[in-house]
Each structure stands twice: as C-alpha cells, then as structure tokens.
Amino acid sequence: MGLTGLDIFKLLPKTNCKKCGQPTCLAFAMMLAQKKIELDKCPDITEEAKEKLAGAAAPPIRLVDIGADEKKLSIGQETQLFRHDEKFHHPCGVAVTLSDDLDEGALKERIDTIKNLKFTRVGTDIAVDMIAVMNKSGKADAFAKAAKAAGETGLLLLLSSENAAAMKAAVAEVGAQRPLLHVATAGNVDDMAKVAKDAKCPLAVKAGSLEEIAELAEKVKAAGVENIVIDLSADLKTALQSLTKTRRAALKKTFRALGHPPVTFVQDPDPFQQVLEAATFVLKYSGIVVVDVTEPYQIIPILTARMNIYTDPQKPIQVECKLYAVGDVNENSPVMFTTNFSLTYFSVESDVEASRVPTYILAVDTEGTSVLTAYSGDKLNEKVVHKAMQNVKLEEVVKHRKLIIPGHVAVMSGKLEEETGWEILVGPKESAVIPTYLKQIWT
Ligand code: SF4
C-alpha cells in the first residue's frame, strides 16, 4: 500500500513556504499521494524523507522500455482507468508471432509479411511494432537463428521460451536490441531472471493466478530485474477480468506487485475472433498484444483501435488549414471546402481521389470539429469560409468563381454567396457520393 497524504505530510518540512507552488505542505502532501505532483518540486525536503517518499512518488504502473536507442517502445506508467479522465499515455505494442520451427523459406516469407504490415490511416503511418519469436521447436539453436533473422528487420523483439538455455542462446544473438524476454514461471524463475539481469533486458512473468503473478514479479524484482511485464493471457473473459483487476489494483490500491504493464497473447484460433480479442486487449489496458494473424484486414482494425484509444479525447485530431491539391490540378479544377477535422478531411480526400477528377480541397479551421458540429457551434459560417479562401489566395489559384460546399450546410449557401461573390454549388451530404457528383455535375 502507498503512503497516505497524512503519512507524507509528517515527512515534509511543514514551513508552508509555497516554493512548490502549493499553498501549504498539507496540500503538497495530498497532491503527492495522488501522484499529481513530483517530489522534487519541494526544494527543502531532507534526503532521509526523500528516500522514504521515493516509493510514494513512483508511478503506480512502472514504465518499461523495450528496444534500444531511438528504436524503443515504452509501455506502462498509465494513470487512469478511463480515457475521458485523462488521455492514455503510452500506446501498446502490437506483435505478430514467428515460430522457430519453420523452414528457412517459410521463415523468411513470414518475416517479410510482418515487415510489410504498414498502413496509412487519416494521414498517419501505423504499423506492427514487434515480432514475437516463439520457441515452438524447443531447440536453442533454432530459436537463436529465428531471433537473429527477426532482429535483422529492425522491428522490436519479444522472445518467447520457457527454456532458459534457449533464451540465453537467443539473447546472445539479439540481446543488444533489448528484447522483451518471455517468460519466467515458477519453474524457471531463477535461471530466467539471471538471463534477463545479465542482458539488462525486460522480463515477462506468467503464473496461474493474479496472486501467483504478483509473487513471481516480486521474486524477479528481488533477483535484480526492475523492468517487468506481467503475462495475463487467457480466454477473452478471464483476460479482460485480469487486465481490469490489475489496473485497478495498481491505480486505486497502489499495489506495486501488480504495477507492471501487461502482455496478452491472443489465443482463439478463429481468425475473426483473434481480431476481436486483440482489439479488446488494446482497448482494455494491455501493454503488448500478440497475434498470429497477418492479413491486412485483420491487422488494420487492431492498429486502428490502438490509434483511437491513445488519442487525446479533449483534442480533436486536425489537419493543417490550407488548400490541398488532389491530383493534377490546374486553374480550372473544382474547389470544395471541408473542415480541418482529420477524419472528415481524409474521408473527403479519399473520395476525391477515387473520382479521378483533380480537385482543390480547402480545409477550413473549425478547431478540428466536423461539418455539422462546427456549423451548429458557429465555428463554420460564411465569414470563416471567406477568410480561409482569402488566406490561401484562392482567387489567384483558379480562374472560375465556383465553390462546392458540403451538402450538410446547404443552408449557408445564400450568405456565403453574398459574402464571397462566388457561385455556391451544394455538394453531396455524404462524401461517398463525391465521385459521382464530380463526374456528373462538375465535368
Ligand atoms: Fe511545504 Fe516544501 Fe511546499 Fe514549502 S515547498 S510548502 S516546505 S512542501
């Protein structure tokens, strides 16, 4: 259990000097107990008190780095159960398995497939981060060989074996890349902890119950391994319960034995169920999610779930407010506007692209809100649109004076025509209809 505000208060200088930015030492103590302020904000605290309070100031879920140098995945150190309270900070890793019992050709093919699981969504690159090398063969040399081949991709590594000798052989090949070693169990904990400690690698622990996992994590810590990941893999229902219980225990009870980021291996053999389970684990607190599937239609929903849950709900994702040229535009190309809410903008952009009609799209500043939200909040009106047109000197870009507006705001066409002097054409309400509209109406 962590220290209470009063326990912390007893260790403070009690001068109420306000140097920490708080009105009193008691206020500082309360903030520290809630992990809302850092200990070093009080310059007058004694070394002895600092030592005692260091534990209280430590994050309830430890931050664990996997990988070396600039190629790193940091997981853990989350502070909330719910994203609407505060954004989640460290996006989970998505790993795809690579079995070491594949023949050379199949191994290379699988690695190439994993390497190419990269996509662009709403203007952002998303990709699989890790290869989970599985010691299915049970042989040390095959495991080391597969780890080496996976390591050459530059992707982060998770090495999975319960055999400490095989783990040592693989670490000899790729230890410098600081892979996550998986897994220490009650049967191999001493040997596995030694491999992890010697190689300075993070180590995952696995056991049958949360109590046993907590015990094992403490044992690994006592053996000198600080960076610990807890394996909560199970069927969907059990894993979801474990993920929720451990997050609650760490955040609400400051139960440090479970204050480590979790890894979950998706277990269902059904390819659709795998996607469902993986997305669930992404959304509910997993630090790393490991899947067997490699089809883009399976990976994209998982990466999309990650992208969504780790954005800040208080800050809509926006594109730059400017004039975008889609295709080989010229002075006669159509011009349409939409808002700078990235989901809206990229939907419009991809449908314009699909039309194959070169078109200018003006992204109007609506503080990242969608067309109807912006209009109803008066962030989108004739003056805002006119200003956006002037900012990009639209009159100098095209010869015609026609502006296509979203069908949802047809109501503003009269005022916009008066404000700008341009002819207003009401476009479709749904962006999916843009290709037909541009082909039939514009051309
Ligand atoms: Fe108290 Fe330290 Fe804050 Fe001063 S800086 S009010 S001594 S906690």
# chains A, B, ... in the order shown; residues from 1 in each chain; ligands from 1

$ residues_near_ligand --ligand "ligand 1" --cutoff "10 Å" --atoms "only C-alpha atoms and all ligand atoms" --output "MDAnalysis selection string"
chainID A and resid 8:9 11:29 32 39:46

$ select_by_dssp --residues "stretch 128-234 of chain A" --states "alpha helix (DSSP H)" --output "NGL selection string"
:A and (140-151 or 164-174 or 189-199 or 210-222)

$ residues_around --residues "A:Val329" --least-positions-apart "5" --cutoff "12 Å" --atoms "only C-alpha atoms" --output "list of chain:residue names"
A:Leu323, A:Tyr324, A:Pro334, A:Val335, A:Val352, A:Glu353, A:Arg356, A:Val357, A:Pro358, A:Thr359, A:Tyr360, A:Ile361, A:Val397, A:Val398

$ residues_around --residues "stretch 171-173 of chain A" --least-positions-apart "2" --cutoff "7 Å" --atoms "only C-alpha atoms" --output "list in words"
Ala144, Lys148, Met167, Lys168, Ala169 and Gly175 of chain A

$ atom_distance --atom1 "atom CA of A:Glu418" --atom2 "atom CA of A:Val392"
19.5 Å

$ select_by_dssp --residues "stretch 104-305 of chain A" --states "strand (DSSP E)" --output "ChimeraX atom specification"
/A:118-121,124-127,130-134,156-160,180-184,203-205,228-231,262-265,288-291

$ closest_residue --among "A:Gly208, A:Gly105, A:Pro435, A:Pro202" --to "A:Ala149" --atoms "only C-alpha atoms"
A:Gly105

$ closest_residue --among "A:Asp268, A:Asp129, A:Asp69, A:Glu423" --to "A:Lys237" --atoms "only C-alpha atoms"
A:Asp268

$ residues_around --residues "stretch 338-351 of chain A" --least-positions-apart "6" --cutoff "9 Å" --atoms "only C-alpha atoms" --output "JSON, numbers by chain"
{"A": [121, 122, 123, 316, 317, 318, 319, 320, 321, 322, 324, 326, 361, 362, 363, 364, 365, 366, 367, 368, 369, 370, 371, 374, 380, 405, 406, 430, 431, 432, 433, 434, 435]}

$ residues_around --residues "stretch 76-90 of chain A" --least-positions-apart "4" --cutoff "6 Å" --atoms "only C-alpha atoms" --output "list in words"
Ile61, Arg62, Leu63, Pro261, Tyr310 and Asp312 of chain A

$ write_last_selection --atoms "N, CA, C and O atoms" --output "mmCIF file, in the first residue's frame"
data_model
loop_
_atom_site.group_PDB
_atom_site.id
_atom_site.type_symbol
_atom_site.label_atom_id
_atom_site.label_comp_id
_atom_site.auth_asym_id
_atom_site.auth_seq_id
_atom_site.Cartn_x
_atom_site.Cartn_y
_atom_site.Cartn_z
ATOM 1 N N ILE A 61 2.123 2.340 -12.026
ATOM 2 C CA ILE A 61 2.455 1.300 -13.016
ATOM 3 C C ILE A 61 3.800 1.693 -13.628
ATOM 4 O O ILE A 61 3.941 2.781 -14.185
ATOM 5 N N ARG A 62 4.748 0.826 -13.492
ATOM 6 C CA ARG A 62 6.105 1.167 -13.931
ATOM 7 C C ARG A 62 6.194 1.325 -15.451
ATOM 8 O O ARG A 62 5.503 0.636 -16.196
ATOM 9 N N LEU A 63 7.053 2.256 -15.872
ATOM 10 C CA LEU A 63 7.310 2.425 -17.304
ATOM 11 C C LEU A 63 8.383 1.428 -17.708
ATOM 12 O O LEU A 63 9.444 1.365 -17.100
ATOM 13 N N PRO A 261 3.249 -3.229 -16.678
ATOM 14 C CA PRO A 261 2.402 -3.325 -17.868
ATOM 15 C C PRO A 261 2.174 -4.787 -18.275
ATOM 16 O O PRO A 261 3.074 -5.608 -18.116
ATOM 17 N N TYR A 310 -5.577 5.785 -27.923
ATOM 18 C CA TYR A 310 -4.455 6.571 -27.389
ATOM 19 C C TYR A 310 -4.440 8.017 -27.877
ATOM 20 O O TYR A 310 -3.470 8.725 -27.655
ATOM 21 N N ASP A 312 -5.961 11.906 -27.631
ATOM 22 C CA ASP A 312 -6.498 12.688 -26.524
ATOM 23 C C ASP A 312 -7.938 13.079 -26.862
ATOM 24 O O ASP A 312 -8.158 13.824 -27.813
#

$ atom_distance --atom1 "atom CA of A:Gly421" --atom2 "atom CA of A:Ser355"
27.5 Å

$ closest_residue --among "A:Pro179, A:Gly287, A:Gly407, A:Gly224" --to "A:Leu243" --atoms "only C-alpha atoms"
A:Gly287

$ closest_residue --among "A:Leu258, A:Val263, A:Ala239, A:Met389" --to "A:Ile288" --atoms "only C-alpha atoms"
A:Val263

$ atom_distance --atom1 "atom CA of A:Met130" --atom2 "atom CA of A:Leu240"
22.2 Å

$ closest_residue --among "A:His386, A:Arg178, A:Lys71, A:His400" --to "A:Leu416" --atoms "only C-alpha atoms"
A:His386

$ closest_residue --among "A:Pro428, A:Gly154, A:Gly67, A:Pro269" --to "A:Ile441" --atoms "only C-alpha atoms"
A:Pro428

$ residues_around --residues "A:Met412" --least-positions-apart "2" --cutoff "12 Å" --atoms "only C-alpha atoms" --output "VMD selection string"
chain A and resid 371 to 372 375 to 376 378 380 to 385 404 to 410 414 to 420 424 to 426
